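A.B. asks: One structure coming up, written as structure tokens, with questions to follow.
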Amino acid sequence: MIPNARLSVTLLLTAFFFSFQLAWATTPADSARSVIVRSVSLTGNFRTRDRIILREMTMHVGDTIRLSELPGRVEWDQRNINNTNLFVTVDVSTVQVTPDDSTQLGLLDLTVTMKERWYIIAYPVFDLADRNFNEWWYDRGRDLRRVIYGGRLSYKNVTGNNDQLQVIFERGFSQRTVLSYAKPYIDKAQRIGLRVDLAYITNKEIPYRTMADKWVYVRDEQVLRERAYASLILTNRRGLYHYHVLEARYTRNTIADTITRLNPDYFLDGRTRQQYLGMNYSYRYDRRDNVSYPLRGTVIGGVIGVSGILPNDNFRYLELAASMTRYWPLGGRFYAAGSIRGRSSWPTRQPYFNLRGLGSSSEMVRGYELYVIDGQRSAIWRNSVRYQLFNTVKQLNWLHIRQFNTIPIAAYITAFADAGYVSSTVAEQYQSKLANRLLLGTGMSLDVVTYYNFVVRFSGSINRQGKAGFYFNLAQEF
């Protein structure tokens, strides 16, 4: 070996040995690299029980935590508590305490500071009966006869355990009475939850069929459709991010003879009554930083539903659905989101009332807000890139109601591109122009996010058929 080569090897070995010694001196085994949680203090939760907040945290008294992991753990604990929707603001702070004995691990004191929301909200209802504001504005001629009025009472955190009582009393275009109570945990381990729903709904105007991907309505002075259901829902939350839901629901629907004459397939074979017991199981993995408008995280879900369990049931149905959505930062103020969803149902011949493709709910390809595409199977692929204009918190010191004087507000410019497909055997029957073909939509939107999970979206889009539009929505993110 030549001298220069020997010198290079010697220098490399010396550098490696020095680096090894330095790494050994600063490994996590050293007390300065880990801390033990000595205390967790909660402030501001005047009504909410401590155990409800501690349930959302990954750090508890006695836990050993690497200092390198501490910022991430603090950030996720803060997000988890915020996602209970019990608080206007949440802040998690830490204080490290160095022990006198250098052989012992450091200590960590955690403080969670919260500002609770206003939990009892009774308010009048003035809503639109149509699928969304855009259908009412563009297709229904801004007809004020299509409004729903009444009142709602939402009493959240009734006992301090994040439980909720809801009473809905609505009249107008649709008459609806709903009573619901939900308690997320009924066991000491805080895993099992319970919810009970009772509802009774009547309509004097309903869509009795779809024509060219638009609902066709009929109106009468008599009740045309009557719906009633009772459901019992059990939830099982494993850890922080895994949710299992089992629902049993008994449903009874009736329609007037007028509807069967207009569309004998409404309940199939000219029936005027539909009654059945259904059961649904759903699973959701939900680890998002904000449930109303996420910027980071993942949510994965699946549903299997069976209807027509009892011998006397006259509606039998099987549904399978799955979805996955991912949110991630791109750097700076840019964020991205991607979502894929699929759904399939059997048998092939289904009542018109139960046909669901895209558009009849929140499931839609953006750019097709004004269309309802009926079918037995559907798929959606949605993509977004967002730019954060601002994200701030306004303090209204002149307003002395603490639940309302702190207003978080953020705004984003979003560019989106979606694709979808509906497989339908009734496309010819209902003269659909959009079923059984690829749907494409793209555009941009301005999203404004503020407190109490309120999201306002102004969007402009164009679809594959060249139809452009400007739309307004009040909704949570997909």
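Chains: A, B, ... in order of the structure tokens. Residues: from 1 per chain. Ligands: from 1, in order shown.
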Could you pull out all residues of stretch 76-322 of chain A with a DSSP call of strand (DSSP E) and give them as a ChimeraX atom specification?
C.D. replies: /A:87-97,106-116,120-128,147-156,164-172,174-183,192-203,205-211,214-219,225-238,242-255,273-288,297-307,317-322
A.B. asks: Excluding stretch 312-324 of chain A and any residue of its chain fewer than 5 positions from it, enumerate the residues within 6 Å of it, using only C-alpha atoms, and give them as a list in words.
C.D. replies: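 Everything that qualifies: Gln275, Tyr276, Val299, Ile300, Gly301, Gly302, Val303, Ile304, Gly305, Val306, Ser307, Ser339, Ile340, Arg341, Gly342, Arg343, Ser344, Ser345 and Trp346 of chain A.
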A.B. asks: Using only C-alpha atoms, which protein or nucleic acid residues come within 6 Å of stretch 51-58 of chain A? Drop anything in the same chain fewer than 3 positions from it, and give the result as a list in words.
C.D. replies: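 Here the qualifying residues turn out to be Asp77, Asn80 and Ile81 of chain A.
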A.B. asks: I need the chosen residues saved as a short mmCIF file (atom, residue, chain, number, x, y, z; two decimals), in the first residue's frame, with C-alpha atoms.
C.D. replies:
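File written: out12.cif
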data_model
loop_
_atom_site.label_atom_id
_atom_site.label_comp_id
_atom_site.auth_asym_id
_atom_site.auth_seq_id
_atom_site.Cartn_x
_atom_site.Cartn_y
_atom_site.Cartn_z
CA ASP A 77 -52.04 15.00 21.25
CA ASN A 80 -56.53 14.55 18.92
CA ILE A 81 -58.05 16.67 21.69
#
A.B. asks: If you count only C-alpha atoms, which residues fall within 7 Å of A:Leu128, apart from same-chain ones fewer than 2 positions away, as a list in words?
C.D. replies: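 Once the nearby chain positions are removed, what remains is Asp130, Arg146, Val147 and Ile148 of chain A.
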A.B. asks: What's around stretch 83-88 of chain A at 6 Å? Count only C-alpha atoms, leave out sequence neighbours fewer than 5 positions away in its own chain, and write the answer as a PyMOL selection string.
C.D. replies: chain A and resi 115-117
A.B. asks: Please provide the set of residues having any atom within 9 Å of stretch 350-357 of chain A, restricted to only C-alpha atoms, with same-chain residues fewer than 4 positions apart removed, written as a list in words.
C.D. replies: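 Close residues of stretch 350-357 of chain A: Tyr208, Arg209, Thr210, Asn263, Asp265, Tyr266, Phe267, Leu268, Asp269, Phe315, Tyr317, Arg343, Trp346, Ser361, Glu363, Met364, Val372, Ile373, Asp374, Gly375, Gln376, Arg377, Ser378, Ala379, Tyr421, Val422, Ser423, Ser424 and Ala435 of chain A.
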A.B. asks: Any idea what's packed within 9 Å of A:Phe390, counting only C-alpha atoms, ignoring anything in its chain fewer than 5 positions away? Could you give it as a list in words?
C.D. replies: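 After dropping sequence-adjacent residues, the list is Arg333, Ile409, Ala410, Ala411 and Tyr412 of chain A.
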A.B. asks: Just to be explicit: take each residue in the selection above, keep C-alpha atoms, and write the result as a PDB file, in the first residue's frame.
C.D. replies:
ATOM      1  CA  ARG A 333     -47.901  26.654   2.340  1.00  0.00           C
ATOM      2  CA  ILE A 409     -60.080  31.472  10.582  1.00  0.00           C
ATOM      3  CA  ALA A 410     -58.129  30.168   7.609  1.00  0.00           C
ATOM      4  CA  ALA A 411     -58.429  30.424   3.837  1.00  0.00           C
ATOM      5  CA  TYR A 412     -57.097  28.229   1.030  1.00  0.00           C
TER       6      TYR A 412
END
A.B. asks: Please produce, as a tab-separated table, a per-residue contact table for stretch 148-195 of chain A versus stretch 236-249 of chain A (criterion: any atom at most 9 Å away, only C-alpha atoms considered), showing the nearest atom pair and its distance in Å to one decimal, sorted by chain then residue number.
C.D. replies:
residue	atom	partner	partner_atom	distance
A:Pro184	CA	A:Asn236	CA	8.8
A:Tyr185	CA	A:Asn236	CA	8.7
A:Gln190	CA	A:Arg237	CA	7.9
A:Arg191	CA	A:Arg237	CA	4.9
A:Ile192	CA	A:Asn236	CA	4.7
A:Gly193	CA	A:Asn236	CA	6.4
A.B. asks: I need the residues from that last selection saved to file as a compact mmCIF listing (two decimals), in the first residue's frame (with N, CA and C atoms), if you can.
C.D. replies:
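Resulting contents of part-v4.txt:
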# COMPACT_ATOMS: atom_id res chain seq x y z
N PRO A 184 -70.40 8.41 23.71
CA PRO A 184 -69.27 7.71 23.08
C PRO A 184 -68.71 6.57 23.91
N TYR A 185 -68.85 6.64 25.25
CA TYR A 185 -68.30 5.57 26.10
C TYR A 185 -69.29 5.24 27.20
N GLN A 190 -63.55 2.95 28.35
CA GLN A 190 -63.79 3.96 27.32
C GLN A 190 -63.51 3.42 25.91
N ARG A 191 -64.20 2.34 25.61
CA ARG A 191 -64.11 1.76 24.27
C ARG A 191 -65.49 1.64 23.61
N ILE A 192 -66.50 1.24 24.38
CA ILE A 192 -67.82 0.95 23.85
C ILE A 192 -68.72 2.17 23.97
N GLY A 193 -69.38 2.53 22.87
CA GLY A 193 -70.32 3.65 22.87
C GLY A 193 -71.69 3.21 22.40
A.B. asks: Could you jot down the atom CA of A:Ile401 to atom CA of A:Ser292 separation for me, Å, one decimal place?
C.D. replies: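 So the two atoms, atom CA of A:Ile401 and atom CA of A:Ser292, lie 23.7 Å apart.
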A.B. asks: Hey, can you check how far atom CA of A:Asn203 sits from atom CA of A:Thr251?
C.D. replies: 16.3 Å
A.B. asks: Would you compute the distance between atom CA of A:Leu440 and atom CA of A:Phe454? Give it in Å to one decimal.
C.D. replies: 27.8 Å
A.B. asks: Could you check the closest approach to A:Lys183 for each of A:Thr159, A:Ile121, A:Glu69, A:Thr260 and tell me which residue wins, using only C-alpha atoms?
C.D. replies: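 So, comparing all the options, the nearest one is A:Thr159.
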A.B. asks: Just list as a PDB file with N, CA and C atoms, in the first residue's frame whatever in stretch 57-88 of chain A DSSP marks as alpha helix (DSSP H).
C.D. replies:
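Final output, states.pdb:
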ATOM      1  N   LEU A  70     -40.651  14.014  21.175  1.00  0.00           N
ATOM      2  CA  LEU A  70     -41.554  14.838  21.973  1.00  0.00           C
ATOM      3  C   LEU A  70     -42.337  15.862  21.142  1.00  0.00           C
ATOM      4  N   PRO A  71     -41.715  16.622  20.240  1.00  0.00           N
ATOM      5  CA  PRO A  71     -42.510  17.608  19.482  1.00  0.00           C
ATOM      6  C   PRO A  71     -43.651  16.972  18.688  1.00  0.00           C
ATOM      7  N   GLY A  72     -43.367  15.839  18.056  1.00  0.00           N
ATOM      8  CA  GLY A  72     -44.414  15.162  17.289  1.00  0.00           C
ATOM      9  C   GLY A  72     -45.526  14.625  18.173  1.00  0.00           C
ATOM     10  N   ARG A  73     -45.164  14.096  19.329  1.00  0.00           N
ATOM     11  CA  ARG A  73     -46.177  13.566  20.251  1.00  0.00           C
ATOM     12  C   ARG A  73     -47.072  14.692  20.774  1.00  0.00           C
ATOM     13  N   VAL A  74     -46.456  15.819  21.112  1.00  0.00           N
ATOM     14  CA  VAL A  74     -47.227  16.971  21.600  1.00  0.00           C
ATOM     15  C   VAL A  74     -48.190  17.458  20.520  1.00  0.00           C
ATOM     16  N   GLU A  75     -47.702  17.532  19.289  1.00  0.00           N
ATOM     17  CA  GLU A  75     -48.534  18.021  18.188  1.00  0.00           C
ATOM     18  C   GLU A  75     -49.740  17.119  17.955  1.00  0.00           C
ATOM     19  N   TRP A  76     -49.543  15.800  17.960  1.00  0.00           N
ATOM     20  CA  TRP A  76     -50.653  14.884  17.714  1.00  0.00           C
ATOM     21  C   TRP A  76     -51.627  14.849  18.884  1.00  0.00           C
ATOM     22  N   ASP A  77     -51.130  14.949  20.108  1.00  0.00           N
ATOM     23  CA  ASP A  77     -52.045  14.996  21.249  1.00  0.00           C
ATOM     24  C   ASP A  77     -52.936  16.223  21.176  1.00  0.00           C
ATOM     25  N   GLN A  78     -52.347  17.334  20.790  1.00  0.00           N
ATOM     26  CA  GLN A  78     -53.129  18.564  20.652  1.00  0.00           C
ATOM     27  C   GLN A  78     -54.199  18.404  19.572  1.00  0.00           C
ATOM     28  N   ARG A  79     -53.842  17.777  18.467  1.00  0.00           N
ATOM     29  CA  ARG A  79     -54.804  17.554  17.385  1.00  0.00           C
ATOM     30  C   ARG A  79     -55.900  16.584  17.806  1.00  0.00           C
ATOM     31  N   ASN A  80     -55.529  15.527  18.491  1.00  0.00           N
ATOM     32  CA  ASN A  80     -56.528  14.555  18.923  1.00  0.00           C
ATOM     33  C   ASN A  80     -57.561  15.182  19.837  1.00  0.00           C
ATOM     34  N   ILE A  81     -57.120  16.001  20.775  1.00  0.00           N
ATOM     35  CA  ILE A  81     -58.050  16.668  21.691  1.00  0.00           C
ATOM     36  C   ILE A  81     -58.927  17.643  20.920  1.00  0.00           C
ATOM     37  N   ASN A  82     -58.340  18.358  19.988  1.00  0.00           N
ATOM     38  CA  ASN A  82     -59.101  19.314  19.191  1.00  0.00           C
ATOM     39  C   ASN A  82     -60.164  18.623  18.352  1.00  0.00           C
TER      40      ASN A  82
END
A.B. asks: Find the residues of stretch 317-432 of chain A that sit at most 10 Å from stretch 135-145 of chain A; for each, write down the nearest two atoms and how far apart they are in Å, to one decimal. Count only C-alpha atoms. Sort by chain, then by number going up, and give it as a Markdown table.
C.D. replies:
| residue | atom | partner | partner_atom | distance |
| --- | --- | --- | --- | --- |
| A:Glu369 | CA | A:Glu135 | CA | 7.5 |
| A:Leu370 | CA | A:Glu135 | CA | 5.5 |
| A:Tyr371 | CA | A:Glu135 | CA | 8.5 |
